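Colleague: The structure under discussion is supplied below as structure tokens; questions concerning it will follow.
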Amino acid sequence: MELTKQQIADYHRDGFLVIPNCYSAEEIAVLREDTERLCKVDAAEIFRERSGAVRSIFRVHEEDGPVRSAAYRALTRTPRMLKPVMQLQNSDEVYIAHTKVNTKSALEGSGWLWHQDFGYWVHDGYEQNDMVTTLLLMSDTKEIHGSLYMIPGSHKLGLLEHYYDDSQAAYQLPQRAVETKKLKEIMKSHAAPVPIVGKAGTLVLFHCLTVHGSGANMSAEDRWQAYVTYNRVANRPHDVEKPRGDFVRSTNWQPLPVESDSGILDSARSAVLEES
Ligand SMILES: O=C(O)CCC(=O)C(=O)O
């Protein structure tokens with residue numbers, strides 16, 4: 001899949017682009033089954049809500065490690081995901097800076113304060129703030145599920161100041177966030193935040209400076225979403241003091257090959273063969 005000129009223009013105007021019906025129900029079923037398996041693993045790559053419910057599973061795309069997943073690895077290399085990223089990054093040499101699956105659990109899953117992703121990553125040693133994240137909806141998502149919201153055009157504001165907020169009761173780690181006063185100004189001067197809702201299989205691409213956030217899951221259904229952050233190999237991070245772990249700041253900057261669009265389903269067939 002290649003993005004049209006209009007889609008590229010929309011991405012640059014809004015800081016995000018939503019593409020419904022990108023992955024099939026069969027592909028989503030394979031990814032969901034593997035997510036259920038990963039939720040039972042005990043690993044440092046898994047972050048939890050205070051209640052114990054799984055919140056995020058990082059580093060699902062690598063070949064090694066306790067939360068490796070052939071299905072997610074294949075997803076990150078499907079032409080449907082990788083080619084649009086290459087178009088938006090103006091480069092055929094991209095690698096994965098990190099992956100995570102946010103399993104915002106029914107009634108227990110808490111939110112993310114308004115932030116830009118680069119508000120975190122600026123400390124990781126990247127020179128350029130033009131990274132692209134893909135977001136795949138893996139459950140039918142409505143606002144009540146704690147959908148993500150994006151502020152259209154907010155990526156054009158450049159990097160905003162972020163502070164550390166530890167006021168969130170349900171999740172124990174502090175989050176980086178944009179100050180309330182600044183957010184009010186931004187919300188007054190931009191179009192209303194857009195909820196990222198839709199059917200499972202919807203793909204979203206967003207810029208690392210787009211201001212986004214989400215609320216708690218108020219429904220009785222889990223909200224599952226996979227995030228893959230891509231970076232140009234040329235923009236790999238320089239050394240920093242006390243670098244964050246490989247699960248969130250990958251040092252595997254081998255350029256990714258574009259593989260097959262059948263990769264997710266093939267991974268499930270291979271797993272069945274291995275078991276038999
Ligand atoms: O999954 C969500 O609701 C929000 C995730 C998010 O904003 C992030 O991980 O940066």
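Ordering of the structure tokens sets the chain letters (A, B, ...); residue numbers start at 1 within each chain; ligands are numbered from 1 in the order shown.
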Quick one: which chain A residues come within 7 Å of ligand 1, and what is the nearest atom pair for each with the distance in Å to one decimal, counting only C-alpha atoms and all ligand atoms, rows ordered by chain and ascending number, as a Markdown table?

Modeller:
```
| residue | atom | partner | partner_atom_place_in_ligand_line | distance |
| --- | --- | --- | --- | --- |
| A:Asn102 | CA | ligand 1 | 1 (O) | 5.3 |
| A:Gly111 | CA | ligand 1 | 3 (O) | 5.9 |
| A:Trp112 | CA | ligand 1 | 4 (C) | 5.3 |
| A:Asp117 | CA | ligand 1 | 10 (O) | 5.6 |
| A:Gly146 | CA | ligand 1 | 3 (O) | 6.4 |
| A:Ser147 | CA | ligand 1 | 3 (O) | 6.0 |
| A:Leu148 | CA | ligand 1 | 3 (O) | 4.8 |
| A:His212 | CA | ligand 1 | 7 (O) | 6.0 |
| A:Gly213 | CA | ligand 1 | 7 (O) | 5.1 |
| A:Ser214 | CA | ligand 1 | 3 (O) | 4.7 |
| A:Gly215 | CA | ligand 1 | 3 (O) | 7.0 |
| A:Gln225 | CA | ligand 1 | 1 (O) | 6.5 |
```

Colleague: I need the residues in range 125-226 of chain A that are strand (DSSP E) according to DSSP; give them as a count of residues only.

Modeller: 31

Colleague: Kindly give the distance, in Å, that separates CA of Ile196 in chain A and CA of Ser139 in chain A, rounded to a single decimal.

Modeller: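 Distance between the two atoms: 11.9 Å.
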
Colleague: Skipping near chain neighbours, those fewer than 3 positions away, what residues fall within 10 Å of Arg236 in chain A using only C-alpha atoms, listed as number ranges by chain?

Modeller: A: 94-95, 97, 124-128, 231-233, 239, 249-253

Colleague: Between A:Ala226, A:Val248, A:Leu173, A:Val240, single out the one closest to Arg50 in chain A, counting only C-alpha atoms.

Modeller: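 Looking only at the distances to Arg50 in chain A, the closest residue turns out to be A:Leu173.
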
Colleague: To test your reading of the structure, identify every residue in range 8-195 of chain A that backbone DSSP assigns to alpha helix (DSSP H), and report it as a ChimeraX atom specification.

Modeller: /A:8-14,25-39,70-77,79-89,118-121,180-189

Colleague: For Ala192 in chain A, which of A:Ala9, A:Leu209, A:Ala220, A:Met150 is the closest residue, counting only C-alpha atoms?

Modeller: A:Met150

Colleague: Find the residues around range 75-90 of chain A up to 6 Å (only C-alpha atoms counted), leave out those fewer than 6 positions away in its own chain, and share them as a PDB file with N, CA and C atoms, in the first residue's frame.

Modeller:
```pdb
ATOM      1  N   MET A   1       0.844  -1.202   0.000  1.00  0.00           N
ATOM      2  CA  MET A   1       0.000   0.000   0.000  1.00  0.00           C
ATOM      3  C   MET A   1       0.878   1.250   0.000  1.00  0.00           C
ATOM      4  N   GLU A   2       0.549   2.176  -0.867  1.00  0.00           N
ATOM      5  CA  GLU A   2       1.259   3.458  -0.883  1.00  0.00           C
ATOM      6  C   GLU A   2       0.260   4.564  -0.580  1.00  0.00           C
ATOM      7  N   LEU A   3       0.702   5.579   0.127  1.00  0.00           N
ATOM      8  CA  LEU A   3      -0.192   6.696   0.416  1.00  0.00           C
ATOM      9  C   LEU A   3      -0.353   7.558  -0.834  1.00  0.00           C
ATOM     10  N   VAL A 258      11.091  -4.624   3.750  1.00  0.00           N
ATOM     11  CA  VAL A 258       9.643  -4.727   3.519  1.00  0.00           C
ATOM     12  C   VAL A 258       9.385  -6.187   3.208  1.00  0.00           C
ATOM     13  N   GLU A 259       8.553  -6.827   3.996  1.00  0.00           N
ATOM     14  CA  GLU A 259       8.301  -8.258   3.766  1.00  0.00           C
ATOM     15  C   GLU A 259       6.925  -8.434   3.119  1.00  0.00           C
ATOM     16  N   SER A 260       6.247  -9.527   3.495  1.00  0.00           N
ATOM     17  CA  SER A 260       5.035  -9.863   2.747  1.00  0.00           C
ATOM     18  C   SER A 260       3.787  -9.389   3.484  1.00  0.00           C
ATOM     19  N   ASP A 261       2.767  -9.051   2.707  1.00  0.00           N
ATOM     20  CA  ASP A 261       1.491  -8.699   3.326  1.00  0.00           C
ATOM     21  C   ASP A 261       0.801  -9.923   3.918  1.00  0.00           C
ATOM     22  N   ILE A 264       1.521 -11.946   8.660  1.00  0.00           N
ATOM     23  CA  ILE A 264       0.843 -12.206   9.949  1.00  0.00           C
ATOM     24  C   ILE A 264       0.174 -13.579   9.899  1.00  0.00           C
TER      25      ILE A 264
END
```

Colleague: Please determine, counting only C-alpha atoms, which residue among A:Ala43, A:Ala234, A:Val122, A:Ile28 has the shortest atom-to-atom distance to Val67 in chain A.

Modeller: A:Ala43

Colleague: Hey, could you make a per-residue contact list for range 129-153 of chain A against range 18-21 of chain A with 10 Å as the cut-off, showing the nearest pair of atoms and its distance in Å to one decimal, counting only C-alpha atoms, sorted by chain and number, as a tab-separated table?

Modeller:
```
residue	atom	partner	partner_atom	distance
A:Thr134	CA	A:Val18	CA	9.9
A:Leu135	CA	A:Val18	CA	9.3
A:Leu136	CA	A:Ile19	CA	9.7
A:Leu137	CA	A:Pro20	CA	9.5
```

Colleague: Which residues, written as JSON, numbers by chain, have at least one atom at most 6 Å from Gly15 in chain A, with only C-alpha atoms counted and residues fewer than 5 positions away on the same chain left out?

Modeller: {"A": [153, 155, 206, 207, 210]}

Colleague: How many Å separate CA of His145 in chain A from CA of Ala200 in chain A?

Modeller: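 Taking CA of His145 in chain A as the start and CA of Ala200 in chain A as the end point, the length is 12.8 Å.
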
Colleague: Please, what distance in Å, to one decimal, runs between CA of Leu205 in chain A and CA of Ala71 in chain A?

Modeller: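 These atoms are spaced 19.7 Å apart.
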